[in-house]
Structure formats: C-alpha cells, structure tokens
$ cat start27.tsv   # TSV, C-alpha atoms
chain	number	residue	atom	x	y	z
A	2	GLN	CA	134.97	118.85	70.77
A	3	SER	CA	133.40	121.94	69.18
A	4	SER	CA	135.41	124.68	70.81
A	5	THR	CA	137.74	125.66	73.64
A	6	VAL	CA	137.11	125.94	77.38
A	7	ALA	CA	137.46	129.72	77.15
A	8	VAL	CA	134.76	130.06	74.46
A	9	GLY	CA	132.44	127.66	76.27
A	10	THR	CA	132.64	129.39	79.64
A	11	LEU	CA	132.42	132.87	78.13
A	12	THR	CA	129.23	132.15	76.19
A	13	VAL	CA	127.52	130.22	78.99
A	14	SER	CA	128.23	133.15	81.32
A	15	THR	CA	125.98	135.32	79.13
A	16	PHE	CA	122.83	133.71	80.55
A	17	PRO	CA	121.90	137.06	82.22
A	18	ILE	CA	121.09	138.22	78.67
A	19	PHE	CA	118.03	135.96	78.81
A	20	VAL	CA	117.35	136.47	82.52
A	21	ILE	CA	117.23	140.25	82.29
A	22	PHE	CA	114.12	140.15	80.11
A	23	LEU	CA	112.44	137.13	81.69
A	24	GLU	CA	112.87	138.04	85.37
A	25	PRO	CA	110.88	141.32	85.34
A	26	TYR	CA	108.03	139.53	83.56
A	27	LEU	CA	107.98	136.54	85.91
A	28	PHE	CA	108.61	138.44	89.17
A	29	HIS	CA	106.84	141.72	88.32
A	30	GLU	CA	109.96	143.86	88.60
A	31	LYS	CA	111.03	146.95	86.71
A	32	LEU	CA	113.51	146.52	83.89
A	33	LYS	CA	116.46	148.86	84.51
A	34	LYS	CA	118.37	150.66	81.77
A	35	SER	CA	121.68	149.85	83.46
A	36	ASP	CA	120.92	146.12	83.31
A	37	VAL	CA	120.03	146.38	79.62
A	38	PHE	CA	123.30	148.23	78.99
A	39	CYS	CA	125.32	145.52	80.75
A	40	THR	CA	123.50	142.88	78.74
A	41	LEU	CA	124.28	144.65	75.46
A	42	MET	CA	127.93	144.80	76.51
A	43	MET	CA	127.88	141.03	77.00
A	44	LEU	CA	126.45	140.59	73.49
A	45	VAL	CA	129.26	142.70	72.07
A	46	GLY	CA	131.72	140.52	73.97
A	47	VAL	CA	130.20	137.39	72.41
A	48	PHE	CA	130.48	139.03	68.97
A	49	PHE	CA	134.23	139.43	69.41
A	50	ILE	CA	134.63	135.80	70.46
A	51	VAL	CA	133.16	134.51	67.19
A	52	PRO	CA	135.84	134.70	64.47
A	53	ALA	CA	133.43	134.01	61.58
A	54	PHE	CA	129.68	133.42	61.50
A	55	GLN	CA	129.93	130.13	59.64
A	56	MET	CA	128.22	126.97	60.81
A	57	ASP	CA	131.21	124.81	59.86
A	58	ASN	CA	133.50	126.87	62.12
A	59	GLN	CA	134.20	125.08	65.42
A	60	ILE	CA	134.33	128.30	67.45
A	61	THR	CA	130.95	129.39	66.05
A	62	GLN	CA	129.50	125.97	66.92
A	63	GLY	CA	130.91	126.30	70.44
A	64	VAL	CA	129.34	129.75	70.85
A	65	LEU	CA	125.94	128.53	69.64
A	66	TRP	CA	126.03	125.56	72.03
A	67	GLY	CA	127.10	127.94	74.79
A	68	LEU	CA	124.21	130.32	74.08
A	69	LEU	CA	121.74	127.42	74.09
A	70	SER	CA	123.17	126.33	77.45
A	71	ALA	CA	122.91	129.93	78.69
A	72	PHE	CA	119.22	130.05	77.76
A	73	THR	CA	118.37	126.81	79.55
A	74	TYR	CA	120.48	127.85	82.58
A	75	ALA	CA	118.62	131.16	82.72
A	76	ILE	CA	115.31	129.31	83.02
A	77	LEU	CA	116.79	127.01	85.67
A	78	SER	CA	118.11	129.97	87.67
A	79	LEU	CA	114.73	131.69	87.63
A	80	MET	CA	113.11	128.49	88.89
A	81	ASN	CA	115.79	128.36	91.60
A	82	ARG	CA	114.89	131.83	92.77
A	83	ARG	CA	111.24	130.91	93.15
A	84	PHE	CA	111.91	127.62	94.93
A	85	SER	CA	114.69	128.96	97.17
A	86	SER	CA	112.23	131.29	98.87
A	87	ARG	CA	110.18	128.27	100.00
A	88	TYR	CA	112.65	125.41	100.43
A	89	PRO	CA	116.24	124.99	101.69
A	90	ALA	CA	118.89	125.49	99.01
A	91	THR	CA	120.31	122.01	99.61
A	92	LEU	CA	116.89	120.44	98.96
A	93	VAL	CA	116.42	122.40	95.72
A	94	SER	CA	119.91	121.40	94.61
A	95	LEU	CA	119.26	117.76	95.51
A	96	TYR	CA	116.16	117.62	93.31
A	97	GLU	CA	117.97	119.36	90.44
A	98	GLN	CA	121.04	117.15	90.53
A	99	GLY	CA	118.89	114.06	91.05
A	100	THR	CA	116.77	114.89	88.01
A	101	ALA	CA	119.88	115.57	85.92
A	102	THR	CA	121.34	112.23	87.00
A	103	ILE	CA	118.21	110.32	86.00
A	104	VAL	CA	118.06	112.07	82.61
A	105	LEU	CA	121.75	111.44	81.89
A	106	ILE	CA	121.91	107.80	83.02
A	107	PRO	CA	121.06	106.47	79.49
A	108	MET	CA	124.13	108.31	78.17
A	109	MET	CA	126.27	106.18	80.48
A	110	PHE	CA	125.49	103.19	78.26
A	111	VAL	CA	126.22	105.14	75.07
A	112	LEU	CA	129.43	106.97	76.02
A	113	LYS	CA	130.59	104.42	78.63
A	114	PRO	CA	132.68	106.88	80.66
A	115	VAL	CA	135.13	105.70	83.31
A	116	ILE	CA	134.32	107.52	86.56
A	117	THR	CA	136.84	107.35	89.38
A	118	LEU	CA	136.40	108.16	93.06
A	119	ALA	CA	138.33	111.40	92.44
A	120	ASP	CA	135.86	112.35	89.69
A	121	ALA	CA	132.96	111.80	92.08
A	122	GLY	CA	134.64	113.99	94.69
A	123	VAL	CA	135.21	116.81	92.20
A	124	LEU	CA	131.57	116.63	91.10
A	125	MET	CA	130.43	116.74	94.72
A	126	ILE	CA	132.47	119.82	95.60
A	127	PHE	CA	132.38	121.85	92.40
A	128	THR	CA	128.86	120.99	91.31
A	129	ALA	CA	126.64	119.98	94.22
A	130	VAL	CA	128.15	122.21	96.94
A	131	ALA	CA	128.85	125.16	94.64
A	132	HIS	CA	125.36	125.09	93.13
A	133	SER	CA	123.75	124.85	96.57
A	134	LEU	CA	125.62	128.01	97.60
A	135	PHE	CA	124.49	129.74	94.39
A	136	ILE	CA	120.85	128.84	95.04
A	137	SER	CA	121.14	130.03	98.64
A	138	GLY	CA	122.45	133.37	97.39
A	139	LEU	CA	119.33	133.89	95.28
A	140	ARG	CA	117.41	134.58	98.48
A	141	THR	CA	119.13	137.94	98.83
A	142	VAL	CA	119.99	139.03	95.27
A	143	LYS	CA	118.17	138.95	91.96
A	144	VAL	CA	119.01	136.30	89.39
A	145	ARG	CA	120.32	138.77	86.83
A	146	ILE	CA	122.77	140.28	89.33
A	147	ALA	CA	123.92	136.86	90.53
A	148	GLY	CA	124.26	135.82	86.90
A	149	ILE	CA	126.29	138.84	85.89
A	150	LEU	CA	128.57	138.30	88.89
A	151	SER	CA	129.06	134.69	87.83
A	152	GLY	CA	130.58	136.15	84.67
A	153	LEU	CA	133.85	135.85	86.57
A	154	GLU	CA	133.73	132.12	85.84
A	155	PRO	CA	135.39	132.54	82.41
A	156	VAL	CA	138.42	134.04	84.14
A	157	TYR	CA	138.84	130.91	86.25
A	158	GLY	CA	137.95	128.64	83.32
A	159	THR	CA	140.33	130.28	80.85
A	160	LEU	CA	143.16	130.38	83.37
A	161	SER	CA	142.62	126.73	84.29
A	162	ALA	CA	142.48	125.71	80.61
A	163	PHE	CA	145.78	127.52	80.05
A	164	LEU	CA	147.46	125.90	83.05
A	165	PHE	CA	146.14	122.35	82.69
A	166	LEU	CA	145.12	121.95	79.02
A	167	LYS	CA	147.66	124.35	77.44
A	168	GLU	CA	144.83	126.19	75.63
A	169	VAL	CA	146.01	129.71	74.81
A	170	PRO	CA	143.08	132.11	74.16
A	171	SER	CA	143.23	134.24	71.03
A	172	PHE	CA	143.26	138.04	71.05
A	173	ARG	CA	139.58	138.15	70.04
A	174	GLU	CA	138.65	135.77	72.87
A	175	CYS	CA	140.57	137.92	75.34
A	176	LEU	CA	138.93	141.10	74.03
A	177	GLY	CA	135.47	139.55	74.24
A	178	GLY	CA	136.23	138.32	77.74
A	179	VAL	CA	137.37	141.79	78.85
A	180	ILE	CA	134.13	143.33	77.55
A	181	ILE	CA	132.01	140.70	79.32
A	182	LEU	CA	133.94	141.17	82.56
A	183	ALA	CA	133.57	144.96	82.23
A	184	ALA	CA	129.81	144.38	82.23
A	185	VAL	CA	130.25	142.36	85.44
A	186	PHE	CA	132.12	145.25	87.05
A	187	LEU	CA	129.56	147.87	86.00
A	188	SER	CA	126.70	145.77	87.36
A	189	THR	CA	128.24	145.83	90.84
A	190	LEU	CA	128.64	149.62	91.10
A	191	LYS	CA	125.17	150.10	92.57
A	192	PRO	CA	123.91	148.11	95.58
A	193	GLU	CA	121.07	145.75	94.73
A	194	GLU	CA	117.91	145.58	96.75
A	195	LYS	CA	116.87	142.28	98.31
A	196	ALA	CA	115.09	139.91	95.97
A	197	SER	CA	111.44	139.29	96.64
A	198	ASP	CA	108.48	137.66	94.99
$ encode --input "start27.tsv" --output "structure tokens"
Amino acid sequence: QSSTVAVGTLTVSTFPIFVIFLEPYLFHEKLKKSDVFCTLMMLVGVFFIVPAFQMDNQITQGVLWGLLSAFTYAILSLMNRRFSSRYPATLVSLYEQGTATIVLIPMMFVLKPVITLADAGVLMIFTAVAHSLFISGLRTVKVRIAGILSGLEPVYGTLSAFLFLKEVPSFRECLGGVIILAAVFLSTLKPEEKASD
C-alpha cells in the first residue's frame, strides 16, 4: 500500500488535466480559458495533497501512481468518446473490460486473490454498469467536462474510506480536495454544447 484511498481517488480524478490539452487537438475543438483555469485549480489541489516531494514518502508515491493512472485514463476516455459515437456504450465497455481481464489474468497466478461471488457482483455493478453509463454520457458532453464532473468521486471515496476503513484524511488532503471540488463546481456554471466529432 503506497497511500490512502483519499489520496488515490483525488489524484486519479485529475485526469481532466491531461484531457483538456489532448481533446482539442484530437477533436479539433477550441481550448477555453475557463477549462484551463479549472485544470490549474486541480493542480493546486494536488499540490496541497502532497506533504513532501520526496520519493520515499508514501503519500508522494500514491500521488505519482494516481497521476500516472489519470494520464492513462484520460487516453482511455478520449478513445471512449470516439467509439461511443459509432457503437453502443455496452459494446465499448465489453471490449474494454474484456481486454483488461485478459491483460490481468497472469496476475491471478502471481497474487492469487480469493474472489467471492459478492466480489464479482460488486465488480459488475460498480465497474461494468457504471463505466457503461459513463461511456454513454460521452455522446452528449465532452470528455473534459465529464471528467471534471467525475471529480466528485473523491468525496464518495474519502467518505467510504472513513466509514469502512477508518481512514481519517489530513487537513492538507481535505484542503486539496476542496480546491479540486471547487474546480468541479466552476466547470458546471456554464452549459456545455453537445460533443461532436
């Protein structure tokens, strides 16, 4: 374990930082100053989460892993937007989850996890179904807006970690989370036009 649930979810939720610069290039759209401002706010939020920029610090390691995950998820989300305009969201999700399953199967022999029927049900609902709904939503909103809105995930993640894992977030984590969530709020003040290729 490198970090806490709160740090992990907060840093992964910053994937719009990468999307905001990639999406206009890939979909020939204008880069808006308001989106750049919200992205910079998210970066400031991440800065407050990191207590010390030292590689041997577990929180720093968690943030770096989270940012790497955010980058790869940004690319995945942009691919989702392109494919969702041509194929049903459930089909796109099926191919994604199927590919992830094939890639991760070798790890089953290394880590040897014990997966129960309840675990499978949770994965089905909170991964397969939830991701299919997210992909479906990309037909009507841009990836960066959907991504910024998904910044609410740290709220659910942090609250759940507190209730079930007894992880109490620090003041810096809370402050960083408030800044990131403020960026989410600001991004929703103006209505977004329908996404198009």
$ closest_residue --input "start27.tsv" --among "A:Phe186, A:Val20, A:Ala147, A:Leu118" --to "Leu32 (chain A)" --atoms "only C-alpha atoms"
A:Val20
$ closest_residue --input "start27.tsv" --among "A:Ala183, A:Glu154, A:Ser94, A:Gly177" --to "Val45 (chain A)" --atoms "only C-alpha atoms"
A:Gly177
$ closest_atom_pairs --input "start27.tsv" --of "region 28-48 of chain A" --to "region 54-72 of chain A" --cutoff "12 Å" --atoms "all atoms listed in the file" --output "CSV"
residue,atom,partner,partner_atom,distance
A:Met43,CA,A:Leu68,CA,11.7
A:Leu44,CA,A:Leu68,CA,10.5
A:Gly46,CA,A:Val64,CA,11.5
A:Val47,CA,A:Val64,CA,7.8
A:Phe48,CA,A:Phe54,CA,9.4
$ closest_residue --input "start27.tsv" --among "A:Gln98, A:Thr15, A:Ala121, A:Gly158" --to "Pro170 (chain A)" --atoms "all atoms listed in the file"
A:Gly158
$ atom_distance --input "start27.tsv" --atom1 "CA of Gly9 (chain A)" --atom2 "CA of Ser171 (chain A)"
13.7 Å
$ atom_distance --input "start27.tsv" --atom1 "CA of Pro89 (chain A)" --atom2 "CA of Asp36 (chain A)"
28.4 Å
$ closest_residue --input "start27.tsv" --among "A:Ser133, A:Thr73, A:Ser35, A:Ser78" --to "Thr91 (chain A)" --atoms "only C-alpha atoms"
A:Ser133
$ atom_distance --input "start27.tsv" --atom1 "CA of Met80 (chain A)" --atom2 "CA of Val144 (chain A)"
9.8 Å
$ axis_aligned_box --input "start27.tsv" --around "region 134-148 of chain A" --padding-each-side "8 Å" --output "JSON"
{"center_x": 121.5, "center_y": 134.1, "center_z": 92.8, "size_x": 24.2, "size_y": 28.3, "size_z": 28.0}
$ residues_around --input "start27.tsv" --residues "Ser137 (chain A)" --least-positions-apart "2" --cutoff "10 Å" --atoms "all atoms listed in the file" --output "list in words"
Asn81, Arg82, Ser85, Ser86, Tyr88, Pro89, Ala90, Thr91, Val93, Ser94, Ala131, His132, Ser133, Leu134, Phe135, Leu139, Arg140, Thr141 and Val142 of chain A
$ closest_residue --input "start27.tsv" --among "A:Ala162, A:Ile50, A:Leu112, A:Ala129" --to "Val179 (chain A)" --atoms "only C-alpha atoms"
A:Ile50
$ residues_around --input "start27.tsv" --residues "Glu24 (chain A)" --least-positions-apart "2" --cutoff "12 Å" --atoms "only C-alpha atoms" --output "ChimeraX atom specification"
/A:16-22,26-33,36,75-83,143-146,148,196-198
$ write_last_selection --input "start27.tsv" --atoms "C-alpha atoms" --output "PDB file, keeping the file's coordinate frame"
ATOM      1  CA  PHE A  16     122.830 133.710  80.550  1.00  0.00           C
ATOM      2  CA  PRO A  17     121.900 137.060  82.220  1.00  0.00           C
ATOM      3  CA  ILE A  18     121.090 138.220  78.670  1.00  0.00           C
ATOM      4  CA  PHE A  19     118.030 135.960  78.810  1.00  0.00           C
ATOM      5  CA  VAL A  20     117.350 136.470  82.520  1.00  0.00           C
ATOM      6  CA  ILE A  21     117.230 140.250  82.290  1.00  0.00           C
ATOM      7  CA  PHE A  22     114.120 140.150  80.110  1.00  0.00           C
ATOM      8  CA  TYR A  26     108.030 139.530  83.560  1.00  0.00           C
ATOM      9  CA  LEU A  27     107.980 136.540  85.910  1.00  0.00           C
ATOM     10  CA  PHE A  28     108.610 138.440  89.170  1.00  0.00           C
ATOM     11  CA  HIS A  29     106.840 141.720  88.320  1.00  0.00           C
ATOM     12  CA  GLU A  30     109.960 143.860  88.600  1.00  0.00           C
ATOM     13  CA  LYS A  31     111.030 146.950  86.710  1.00  0.00           C
ATOM     14  CA  LEU A  32     113.510 146.520  83.890  1.00  0.00           C
ATOM     15  CA  LYS A  33     116.460 148.860  84.510  1.00  0.00           C
ATOM     16  CA  ASP A  36     120.920 146.120  83.310  1.00  0.00           C
ATOM     17  CA  ALA A  75     118.620 131.160  82.720  1.00  0.00           C
ATOM     18  CA  ILE A  76     115.310 129.310  83.020  1.00  0.00           C
ATOM     19  CA  LEU A  77     116.790 127.010  85.670  1.00  0.00           C
ATOM     20  CA  SER A  78     118.110 129.970  87.670  1.00  0.00           C
ATOM     21  CA  LEU A  79     114.730 131.690  87.630  1.00  0.00           C
ATOM     22  CA  MET A  80     113.110 128.490  88.890  1.00  0.00           C
ATOM     23  CA  ASN A  81     115.790 128.360  91.600  1.00  0.00           C
ATOM     24  CA  ARG A  82     114.890 131.830  92.770  1.00  0.00           C
ATOM     25  CA  ARG A  83     111.240 130.910  93.150  1.00  0.00           C
ATOM     26  CA  LYS A 143     118.170 138.950  91.960  1.00  0.00           C
ATOM     27  CA  VAL A 144     119.010 136.300  89.390  1.00  0.00           C
ATOM     28  CA  ARG A 145     120.320 138.770  86.830  1.00  0.00           C
ATOM     29  CA  ILE A 146     122.770 140.280  89.330  1.00  0.00           C
ATOM     30  CA  GLY A 148     124.260 135.820  86.900  1.00  0.00           C
ATOM     31  CA  ALA A 196     115.090 139.910  95.970  1.00  0.00           C
ATOM     32  CA  SER A 197     111.440 139.290  96.640  1.00  0.00           C
ATOM     33  CA  ASP A 198     108.480 137.660  94.990  1.00  0.00           C
TER      34      ASP A 198
END
